[in-house]
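First up is the structure itself, then whatever we jot down about it.
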4 protein chains.
Amino acid sequence: MVIILKQHPDETQLGSLMDWLKKQNIQVTPTVGAHQTILGLVGDTSSIDMDLISALDIVEDVKRVTEPYKKANRKFHPDDTVIEVGGTRIGGGSLTLIAGPCSVESEEQIVGIAKAVKASGATVLRGGAFKPRTSPYSFQGMKLEGIRLLLAAREATGLPICTEIMDASQLPLFEDIDILQVGARNMQNFTLLKELGKTKKPVLLKRGMACTYQDLLMSAEYVLAGGNPNVILCERGIRTFETYTRNTLDLACIPSLRQLTHLPIIIDPSHATGKSALVPSMCKAAVAAGADGLIVEVHNDPPHAKCDGAQSITPAAFDKLSGQLRAIKEVCGEDHRDVII
Amino acid sequence: MVIILKQHPDETQLGSLMDWLKKQNIQVTPTVGAHQTILGLVGDTSSIDMDLISALDIVEDVKRVTEPYKKANRKFHPDDTVIEVGGTRIGGGSLTLIAGPCSVESEEQIVGIAKAVKASGATVLRGGAFKPRTSPYSFQGMKLEGIRLLLAAREATGLPICTEIMDASQLPLFEDIDILQVGARNMQNFTLLKELGKTKKPVLLKRGMACTYQDLLMSAEYVLAGGNPNVILCERGIRTFETYTRNTLDLACIPSLRQLTHLPIIIDPSHATGKSALVPSMCKAAVAAGADGLIVEVHNDPPHAKCDGAQSITPAAFDKLSGQLRAIKEVCGEDHRDVII
Amino acid sequence: MVIILKQHPDETQLGSLMDWLKKQNIQVTPTVGAHQTILGLVGDTSSIDMDLISALDIVEDVKRVTEPYKKANRKFHPDDTVIEVGGTRIGGGSLTLIAGPCSVESEEQIVGIAKAVKASGATVLRGGAFKPRTSPYSFQGMKLEGIRLLLAAREATGLPICTEIMDASQLPLFEDIDILQVGARNMQNFTLLKELGKTKKPVLLKRGMACTYQDLLMSAEYVLAGGNPNVILCERGIRTFETYTRNTLDLACIPSLRQLTHLPIIIDPSHATGKSALVPSMCKAAVAAGADGLIVEVHNDPPHAKCDGAQSITPAAFDKLSGQLRAIKEVCGEDHRDVII
Amino acid sequence: MVIILKQHPDETQLGSLMDWLKKQNIQVTPTVGAHQTILGLVGDTSSIDMDLISALDIVEDVKRVTEPYKKANRKFHPDDTVIEVGGTRIGGGSLTLIAGPCSVESEEQIVGIAKAVKASGATVLRGGAFKPRTSPYSFQGMKLEGIRLLLAAREATGLPICTEIMDASQLPLFEDIDILQVGARNMQNFTLLKELGKTKKPVLLKRGMACTYQDLLMSAEYVLAGGNPNVILCERGIRTFETYTRNTLDLACIPSLRQLTHLPIIIDPSHATGKSALVPSMCKAAVAAGADGLIVEVHNDPPHAKCDGAQSITPAAFDKLSGQLRAIKEVCGEDHRDVII
């Protein structure tokens with residue numbers, strides 16, 4: 001942490017700041033210039049409140065120079081986190097393919113799609129039971145019945161299940177679910193994150209639509225700090241001024257997060273683009289950039305899907321894509337390890 | 001709603017779309033051009049799923065031309081909503097001043113500040129008991145004890161209390177609180193919004209940091225649709241590329257929302273700017289723009305506040321400001337009614 | 001400037017960095033911690049290239065802690081810049097009202113509007129002769145004839161003229177113009193800025209739609225560094241996700257820029273909102289926040305304006321507004337001086 | 001175009017709008033509902049000014065449903081534009097590799113890098129002679145001497161040259177240059193675009209950092225409308241809230257622009273990320289997504305580059321990358337044609 005003092009700071013106030021920092025076991029080195037003094041701070045600054053220091057009369061600005069997350073930080077945990085769930089491994093050089101419909105609609109639908117995507121190489125089944133919708137008048141999901149049908153599809157195919165939890169109070173309903181998805185709008189629902197930290201369930205944490213890598217890692221830190229090491233990061237597009245795509249897929253997050261953290265990184269091109277025609281090329285790009293996996297909406301009849309049909313690809317398209325993804329991964333080899341420090 | 005068809009749409013598919021729309025009681029008028037056909041739709045389109053129509057092969061694009069919110073819409077509810085709470089009126093031309101510290105820290109602190117701001121004209125007391133913090137290592141509020149102290153301050157001053165609720169499960173703890181604040185990060189926590197819709201408590205709903213007016217009004221619609229008409233909208237700054245201020249305060253929301261909705265509009269310059277030196281000028285600007293009120297952080301000792309001290313003004317600064325705000329409101333007179341249609 | 005080193009930096013590389021910095025007359029103080037070393041730099045770092053240092057293998061990050069602009073910086077120039085032009089003073093506590101149509105359309109139109117706005121208290125006439133339009137098929141302005149008509153309006157009213165220059169090569173055509181406006185899309189047209197720096201003409205520099213205060217001040221620095229001290233800053237809205245307004249007017253720029261710079265700050269609510277119904281409330285808010293002035297589109301017949309009619313107010317609306325603005329300025333008194341350090 | 005009327009529009013005003021539209025050869029079909037009337041417009045609406053119509057009292061909103069660009073539009077020009085320059089073809093399924101240093105620094109440097117990148121498969125040499133810098137105190141390029149050295153490198157290698165033009169007045173200096181680059185900050189320098197439209201030189205047009213696909217295509221339209229068909233689009237990252245990368249690379253622009261336009265699409269991962277460690281993975285991702293080519297900064301000694309060293313890769317890294325890119329392109333085959341309508 002670096003504190004920039006105003007010109008000619010009051011000596012007494014400066015003294016009491018220095019004393020207080022020392023009591024927090026922070027080592028301070030001043031650099032004194034003609035127009036300004038910089039205080040360099042080292043030690044564990046993660047619990048120092050920047051706002052508190054900014055409020056002091058003698059302080060012009062405060063800047064963090066270390067990441068405020070510890071458990072998610074690759075510096076203190078150099079090896080990749082690998083999560084084993086339902087017979088598949090997520091992270092550490094594997095290629096996880098999570099596929100399925102936006103919403104569960106019927107047993108026939110979800111079991112049928114599950115079988116199709118498994119045959120094409122999917123390793124996890126996705127499907128929404130509780131749906132967060134911006135309008136109270138839109139279809140809100142099959143809820144508990146949706147959970148039951150997802151478990152039937154697991155029974156039929158052996159694929160582990162990933163589905164979205166919307167609130168801490170729903171946790172008992174998700175007891176048999178393999179991977180709990182936290183949606184982008186809930187990325188900073190700290191009550192939910194704390195409760196998930198008390199379980200050992202793998203959590204697929206989606207990046208909020210206006211959040212930075214650091215914001216995402218701080219939310220992951222909530223789960224990790226609670227004692228649950230099984231966090232999977234998911235990029236699903238951020239809000240930008242572009243309106244042709246629903247969101248803008250930030251693929252540079254892959255090598256960037258690779259450097260900052262040891263957690264697996266999964267890409268969601270379906271929600272990011274909102275247009276099925278763009279999904280295959282973004283899947284290929286994500287794998288070429290070194291993603292640990294993808295989460296893709298696949299629907300047998302997109303025009304009649306109960307929600308988000310516009311962004312779903314067909315099982316046939318997924319099948320073609322799957323082969324290309326493995327070929328691209330082969331071309332890239334161990335490149336994704338290059339950026340690791 | 002307007003549907004733009006691709007060039008040379010398949011006749012059979014077009015026929016089945018037209019049939020389906022008629023079954024939904026939607027009236028359709030086509031405009032046929034050389035390169036494109038536009039279908040104009042009128043009727044109740046609020047439950048028509050745009051994604052579903054976008055997914056059709058024959059459709060190039062779909063655009064909404066009416067607002068998807070009804071109960072929050074001024075068109076269907078021309079008169080201002082006025083909320084009466086604890087002896088004060090919010091909305092309808094009054095000037096609500098909500099003031100108090102970011103966090104409740106002690107009985108002495110909260111009662112002392114409550115008395116000071118009341119003497120300067122505040123009509124509601126604010127103070128955080130449960131604090132949403134981006135870091136799990138930061139102070140998370142006094143929680144239940146904070147609620148108890150807020151009620152003691154109400155007892156001592158008669159000011160109604162506004163404090164933040166973070167999760168639907170906390171509702172029983174907030175039974176005696178006058179106004180429930182929903183934070184910006186929870187603006188799209190639909191589970192929480194639905195539960196708040198089942199109560200009659202006034203809800204102060206903060207705009208999410210990357211959300212539009214329509215997003216905000218759709219979240220308000222969740223509460224209204226549940227049966228609770230007491231929603232207060234709050235602008236607290238949106239995320240932009242500027243980093244000098246914490247967020248960017250969007251004051252044009254005041255006349256804009258005035259036109260779109262009948263709900264009261266409150267401005268929070270403290271969180272928007274993050275810097276106490278900017279708060280008074282933004283308060284004056286908000287009142288000049290016609291806001292129904294302000295929510296301002298006031299702390300007796302900002303440098304030693306437990307959180308967000310950098311954005312708190314002192315009781316003395318609030319006192320000076322309060323007089324200016326009333327003078328500006330007088331200059332503007334009934335101007336805020338001008339834009340109402 | 002602060003340099004954050006990677007863990008265990010190579011000693012030889014570190015030595016050569018230290019030597020190089022000393023040669024640039026930069027004083028360096030290291031703060032050594034267990035996981036990281038911070039180098040605090042003081043001296044004239046404005047010409048140190050951050051990219052160059054970032055590229056070094058031993059460097060993790062580089063952060064500026066002082067502003068990279070000098071001539072625009074209030075720290076080195078504490079008194080307000082006041083620009084005298086055509087008998088009016090801009091900056092230093094005055095209230096400049098620049099008014100007129102988006103485009104000059106005819107002599108009758110521009111002279112008529114000039115007389116009307118002068119009668120209502122305007123101190124400068126605006127009007128576009130060369131128009132930057134996003135479409136090559138839109139009206140591009142009356143060009144040289146527009147300049148001639150603006151001069152005729154000055155002749156008729158005595159009001160100084162402000163109009164937009166689009167390219168360095170146009171300078172000779174603007175010889176008689178009083179204030180040269182640089183549009184938001186040209187804010188980083190460095191060739192143009194350099195040429196304007198060689199003149200003494202007042203330059204009204206509009207903030208780019210995705211630019212920060214620092215970006216704006218760096219562009220001002222180009223003009224100032226060239227030898228022209230007469231720069232007026234203008235906020236005209238920034239791009240955000242909101243689409244109801246054309247842009248989002250950032251009024252917190254007023255007290256913020258007041259602290260960072262000595263240059264006058266003018267607000268343009270017409271381009272910022274794009275809707276005439278929002279203009280009066282934003283004008284009042286800007287004055288309440290301490291702006292040095294406004295630039296407002298006024299048109300005698302908005303629905304038949306050749307461009308941007310939707311955002312123009314009528315002379316009658318301007319007249320009513322003008323009185324309110326002076327009353328608000330009176331309420332605020334000398335407040336705008338409060339934030340000056 | 002669609003016009004949404006206010007409730008109960010004045011009959012006379014509506015009549016005169018209808019008459020005026022007919023005079024413009026626009027066919028109008030109204031859809032009348034209980035709360036609103038929609039006018040569907042077909043015909044050539046590209047010259048209809050939306051602002052003018054928005055300003056009418058009876059109009060609530062106006063929406064474009066067709067793209068306002070014609071010459072850049074794939075609908076009216078279904079075949080890919082292929083640009084032949086200096087013996088290489090850009091667009092139409094080829095893979096253009098533009099490589100070289102950010103700035104030309106010396107003859108030895110530029111000729112050396114040119115030879116190295118040619119040997120690794122580059123098809124065009126890039127290098128900056130005139131450099132747009134945000135600070136007036138930064139290195140501004142070797143200017144005319146830089147142009148001379150670029151031509152020497154072309155002489156030595158046969159590679160065509162791509163370099164940035166900053167202002168219309170510089171055109172005579174660029175007479176021998178093969179491809180004129182327009183920087184992101186100049187994307188809406190309409191004076192420059194118009195002048196480039198009068199030449200036949202290939203123009204590499206970079207997307208502005210807060211601009212949409214439509215904004216980019218409207219700027220391309222300026223060049224095309226002037227008579228120059230040789231426009232190459234270039235994505236170089238857009239501004240978002242993420243600060244770890246310099247900008248956010250929007251790779252979904254590749255399949256999106258493929259659908260909207262026939263112009264070639266080139267990706268610049270160096271400026272987009274600002275970090276050399278991220279460049280190779282973003283290059284591979286761009287090719288996997290179907291880009292027509294890349295523009296990459298390559299420098300023999302990045303830490304001593306005169307600008308942007310932090311984002312330059314070495315010739316050795318470029319050489320390894322080049323092979324992988326061709327292998328990925330082979331995997332993807334003719335996929336990039338899939339989205340074309």
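Labels used: A, B, ... for chains in the order of the structure tokens, numbers from 1 for residues in each chain, and numbers from 1 for ligands as shown.
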
>> Residues within 8 Å of stretch 185-200 of chain C, please, as a ChimeraX atom specification. Count only C-alpha atoms; anything in the same chain fewer than 2 positions from it doesn't count.
In response: /C:166-168,182-183,202-203,205-209,216,219,222-230 /D:132-134,166-167,185-186,188-189

> Taking only C-alpha atoms into account, what are the residues of chain C at most 7 Å from chain B, put as a list in words?
Replying inline: Ala210, Thr212, Thr240, Phe241, Glu242, Thr248, Leu249, Asp250, Ala252, Pro255, Ala277, Leu278, Ser281, Met282, Lys284, Ala285, Ala286, Ala288, Ala289, Gln324, Ala327, Ile328, Val331 and Val339 of chain C

Could the residues in this selection be saved with N, CA and C atoms as a PDB file, in the first residue's frame?
```
ATOM      1  N   ALA C 210     -15.525   9.090 -23.584  1.00  0.00           N
ATOM      2  CA  ALA C 210     -15.064   8.003 -22.711  1.00  0.00           C
ATOM      3  C   ALA C 210     -13.779   8.416 -22.007  1.00  0.00           C
ATOM      4  N   THR C 212     -11.428  10.497 -19.063  1.00  0.00           N
ATOM      5  CA  THR C 212     -11.392  10.864 -17.645  1.00  0.00           C
ATOM      6  C   THR C 212     -10.959  12.322 -17.497  1.00  0.00           C
ATOM      7  N   THR C 240     -22.374   6.131 -21.151  1.00  0.00           N
ATOM      8  CA  THR C 240     -22.609   5.116 -20.124  1.00  0.00           C
ATOM      9  C   THR C 240     -23.618   4.127 -20.707  1.00  0.00           C
ATOM     10  N   PHE C 241     -24.097   3.202 -19.884  1.00  0.00           N
ATOM     11  CA  PHE C 241     -25.035   2.213 -20.406  1.00  0.00           C
ATOM     12  C   PHE C 241     -26.451   2.759 -20.529  1.00  0.00           C
ATOM     13  N   GLU C 242     -26.690   3.912 -19.936  1.00  0.00           N
ATOM     14  CA  GLU C 242     -28.018   4.504 -20.009  1.00  0.00           C
ATOM     15  C   GLU C 242     -28.296   4.946 -21.445  1.00  0.00           C
ATOM     16  N   THR C 248     -24.400  10.766 -20.347  1.00  0.00           N
ATOM     17  CA  THR C 248     -24.645  11.008 -18.929  1.00  0.00           C
ATOM     18  C   THR C 248     -23.822  12.219 -18.508  1.00  0.00           C
ATOM     19  N   LEU C 249     -24.520  13.243 -18.014  1.00  0.00           N
ATOM     20  CA  LEU C 249     -23.846  14.475 -17.603  1.00  0.00           C
ATOM     21  C   LEU C 249     -23.185  14.250 -16.244  1.00  0.00           C
ATOM     22  N   ASP C 250     -21.890  14.457 -16.186  1.00  0.00           N
ATOM     23  CA  ASP C 250     -21.119  14.209 -14.956  1.00  0.00           C
ATOM     24  C   ASP C 250     -20.874  15.539 -14.242  1.00  0.00           C
ATOM     25  N   ALA C 252     -20.288  16.063 -11.093  1.00  0.00           N
ATOM     26  CA  ALA C 252     -19.229  16.030 -10.075  1.00  0.00           C
ATOM     27  C   ALA C 252     -17.901  16.486 -10.660  1.00  0.00           C
ATOM     28  N   PRO C 255     -16.813  20.340  -8.983  1.00  0.00           N
ATOM     29  CA  PRO C 255     -15.930  20.495  -7.817  1.00  0.00           C
ATOM     30  C   PRO C 255     -14.626  19.694  -7.957  1.00  0.00           C
ATOM     31  N   ALA C 277     -36.384  18.641 -22.753  1.00  0.00           N
ATOM     32  CA  ALA C 277     -37.129  18.649 -21.491  1.00  0.00           C
ATOM     33  C   ALA C 277     -36.209  18.515 -20.283  1.00  0.00           C
ATOM     34  N   LEU C 278     -35.009  17.991 -20.491  1.00  0.00           N
ATOM     35  CA  LEU C 278     -34.083  17.776 -19.371  1.00  0.00           C
ATOM     36  C   LEU C 278     -33.114  18.936 -19.205  1.00  0.00           C
ATOM     37  N   SER C 281     -33.412  21.678 -15.971  1.00  0.00           N
ATOM     38  CA  SER C 281     -33.033  21.182 -14.648  1.00  0.00           C
ATOM     39  C   SER C 281     -31.536  20.922 -14.575  1.00  0.00           C
ATOM     40  N   MET C 282     -30.930  20.479 -15.672  1.00  0.00           N
ATOM     41  CA  MET C 282     -29.483  20.252 -15.653  1.00  0.00           C
ATOM     42  C   MET C 282     -28.713  21.580 -15.624  1.00  0.00           C
ATOM     43  N   LYS C 284     -29.737  24.297 -14.038  1.00  0.00           N
ATOM     44  CA  LYS C 284     -29.820  24.745 -12.648  1.00  0.00           C
ATOM     45  C   LYS C 284     -28.878  23.924 -11.766  1.00  0.00           C
ATOM     46  N   ALA C 285     -28.838  22.632 -11.996  1.00  0.00           N
ATOM     47  CA  ALA C 285     -27.953  21.769 -11.207  1.00  0.00           C
ATOM     48  C   ALA C 285     -26.494  22.158 -11.410  1.00  0.00           C
ATOM     49  N   ALA C 286     -26.122  22.476 -12.639  1.00  0.00           N
ATOM     50  CA  ALA C 286     -24.724  22.829 -12.928  1.00  0.00           C
ATOM     51  C   ALA C 286     -24.326  24.097 -12.177  1.00  0.00           C
ATOM     52  N   ALA C 288     -25.779  25.257  -9.449  1.00  0.00           N
ATOM     53  CA  ALA C 288     -25.766  24.933  -8.019  1.00  0.00           C
ATOM     54  C   ALA C 288     -24.477  24.215  -7.630  1.00  0.00           C
ATOM     55  N   ALA C 289     -23.898  23.465  -8.568  1.00  0.00           N
ATOM     56  CA  ALA C 289     -22.659  22.742  -8.293  1.00  0.00           C
ATOM     57  C   ALA C 289     -21.424  23.614  -8.479  1.00  0.00           C
ATOM     58  N   GLN C 324     -33.556  32.223 -12.969  1.00  0.00           N
ATOM     59  CA  GLN C 324     -33.395  31.231 -11.904  1.00  0.00           C
ATOM     60  C   GLN C 324     -31.917  30.937 -11.651  1.00  0.00           C
ATOM     61  N   ALA C 327     -30.396  33.478  -9.443  1.00  0.00           N
ATOM     62  CA  ALA C 327     -30.867  33.332  -8.061  1.00  0.00           C
ATOM     63  C   ALA C 327     -30.146  32.172  -7.362  1.00  0.00           C
ATOM     64  N   ILE C 328     -29.947  31.077  -8.076  1.00  0.00           N
ATOM     65  CA  ILE C 328     -29.247  29.930  -7.478  1.00  0.00           C
ATOM     66  C   ILE C 328     -27.790  30.301  -7.193  1.00  0.00           C
ATOM     67  N   VAL C 331     -27.611  32.079  -3.968  1.00  0.00           N
ATOM     68  CA  VAL C 331     -27.734  31.198  -2.792  1.00  0.00           C
ATOM     69  C   VAL C 331     -26.389  30.542  -2.481  1.00  0.00           C
ATOM     70  N   VAL C 339     -13.488  24.146  -2.008  1.00  0.00           N
ATOM     71  CA  VAL C 339     -12.699  22.944  -2.268  1.00  0.00           C
ATOM     72  C   VAL C 339     -11.284  23.254  -2.722  1.00  0.00           C
TER      73      VAL C 339
END
```

>> Excluding A:Leu150 and its own-chain neighbours fewer than 6 positions away, which residues fall within 9 Å of it when counting only C-alpha atoms? Please give them as a list in words.
In response: Val104, Glu107, Ile110, Val111, Leu125, Arg126, Gly127, Gly128, Ala129, Ile161, Cys162, Thr163 and Ile177 of chain A

>> I need the residues in stretch 11-195 of chain A that are alpha helix (DSSP H) according to DSSP; give them as a PyMOL selection string.
In response: chain A and resi 11-23+50-54+107-119+144-157+190-195

Can you pull out the residues contacting A:Glu60? Cut-off 7 Å, using only C-alpha atoms, and skip same-chain residues under 3 positions away; I want them as a PDB file with N, CA, C and O atoms, in the first residue's frame.
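Ended up saving to out.pdb:
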```
ATOM      1  N   ILE A   4      -0.063   8.716  -0.322  1.00  0.00           N
ATOM      2  CA  ILE A   4       0.504   9.958  -0.835  1.00  0.00           C
ATOM      3  C   ILE A   4      -0.004  11.080   0.069  1.00  0.00           C
ATOM      4  O   ILE A   4      -1.216  11.271   0.207  1.00  0.00           O
ATOM      5  N   LEU A   5       0.929  11.797   0.675  1.00  0.00           N
ATOM      6  CA  LEU A   5       0.540  12.870   1.598  1.00  0.00           C
ATOM      7  C   LEU A   5       0.356  14.173   0.842  1.00  0.00           C
ATOM      8  O   LEU A   5       0.950  14.397  -0.214  1.00  0.00           O
ATOM      9  N   LYS A   6      -0.475  15.050   1.417  1.00  0.00           N
ATOM     10  CA  LYS A   6      -0.594  16.399   0.878  1.00  0.00           C
ATOM     11  C   LYS A   6       0.707  17.151   1.128  1.00  0.00           C
ATOM     12  O   LYS A   6       1.519  16.763   1.977  1.00  0.00           O
TER      13      LYS A   6
END
```

> Which residues in stretch 222-289 of chain B does DSSP call strand (DSSP E or B)? List them as a VMD selection string.
Replying inline: chain B and resid 231 to 235 238 248 250 261 265 to 267

Convert the current residue selection to file output with N, CA and C atoms, as a compact mmCIF listing (two decimals), in the first residue's frame.
```txt
# COMPACT_ATOMS: atom_id res chain seq x y z
N VAL B 231 -42.34 2.08 -2.91
CA VAL B 231 -40.97 1.99 -3.40
C VAL B 231 -40.41 3.39 -3.62
N ILE B 232 -39.20 3.61 -3.09
CA ILE B 232 -38.48 4.88 -3.28
C ILE B 232 -37.25 4.55 -4.10
N LEU B 233 -37.04 5.27 -5.20
CA LEU B 233 -35.88 5.02 -6.06
C LEU B 233 -34.70 5.84 -5.56
N CYS B 234 -33.51 5.27 -5.65
CA CYS B 234 -32.32 6.00 -5.19
C CYS B 234 -31.16 5.87 -6.16
N GLU B 235 -30.69 7.01 -6.65
CA GLU B 235 -29.49 7.04 -7.51
C GLU B 235 -28.29 7.26 -6.61
N ILE B 238 -23.15 5.65 -10.82
CA ILE B 238 -22.95 4.49 -11.69
C ILE B 238 -21.47 4.38 -12.02
N THR B 248 -19.98 7.80 -10.78
CA THR B 248 -20.43 9.03 -11.42
C THR B 248 -21.90 9.24 -11.11
N ASP B 250 -25.43 10.45 -11.62
CA ASP B 250 -26.22 10.74 -12.83
C ASP B 250 -27.45 11.56 -12.43
N THR B 261 -41.85 7.54 -14.36
CA THR B 261 -42.48 6.88 -13.21
C THR B 261 -43.05 7.88 -12.23
N ILE B 265 -37.87 10.02 -6.01
CA ILE B 265 -36.46 9.87 -6.42
C ILE B 265 -35.56 10.58 -5.42
N ILE B 266 -34.69 9.79 -4.80
CA ILE B 266 -33.78 10.26 -3.76
C ILE B 266 -32.34 10.13 -4.30
N ILE B 267 -31.49 11.08 -3.95
CA ILE B 267 -30.10 11.06 -4.46
C ILE B 267 -29.12 10.84 -3.31
```
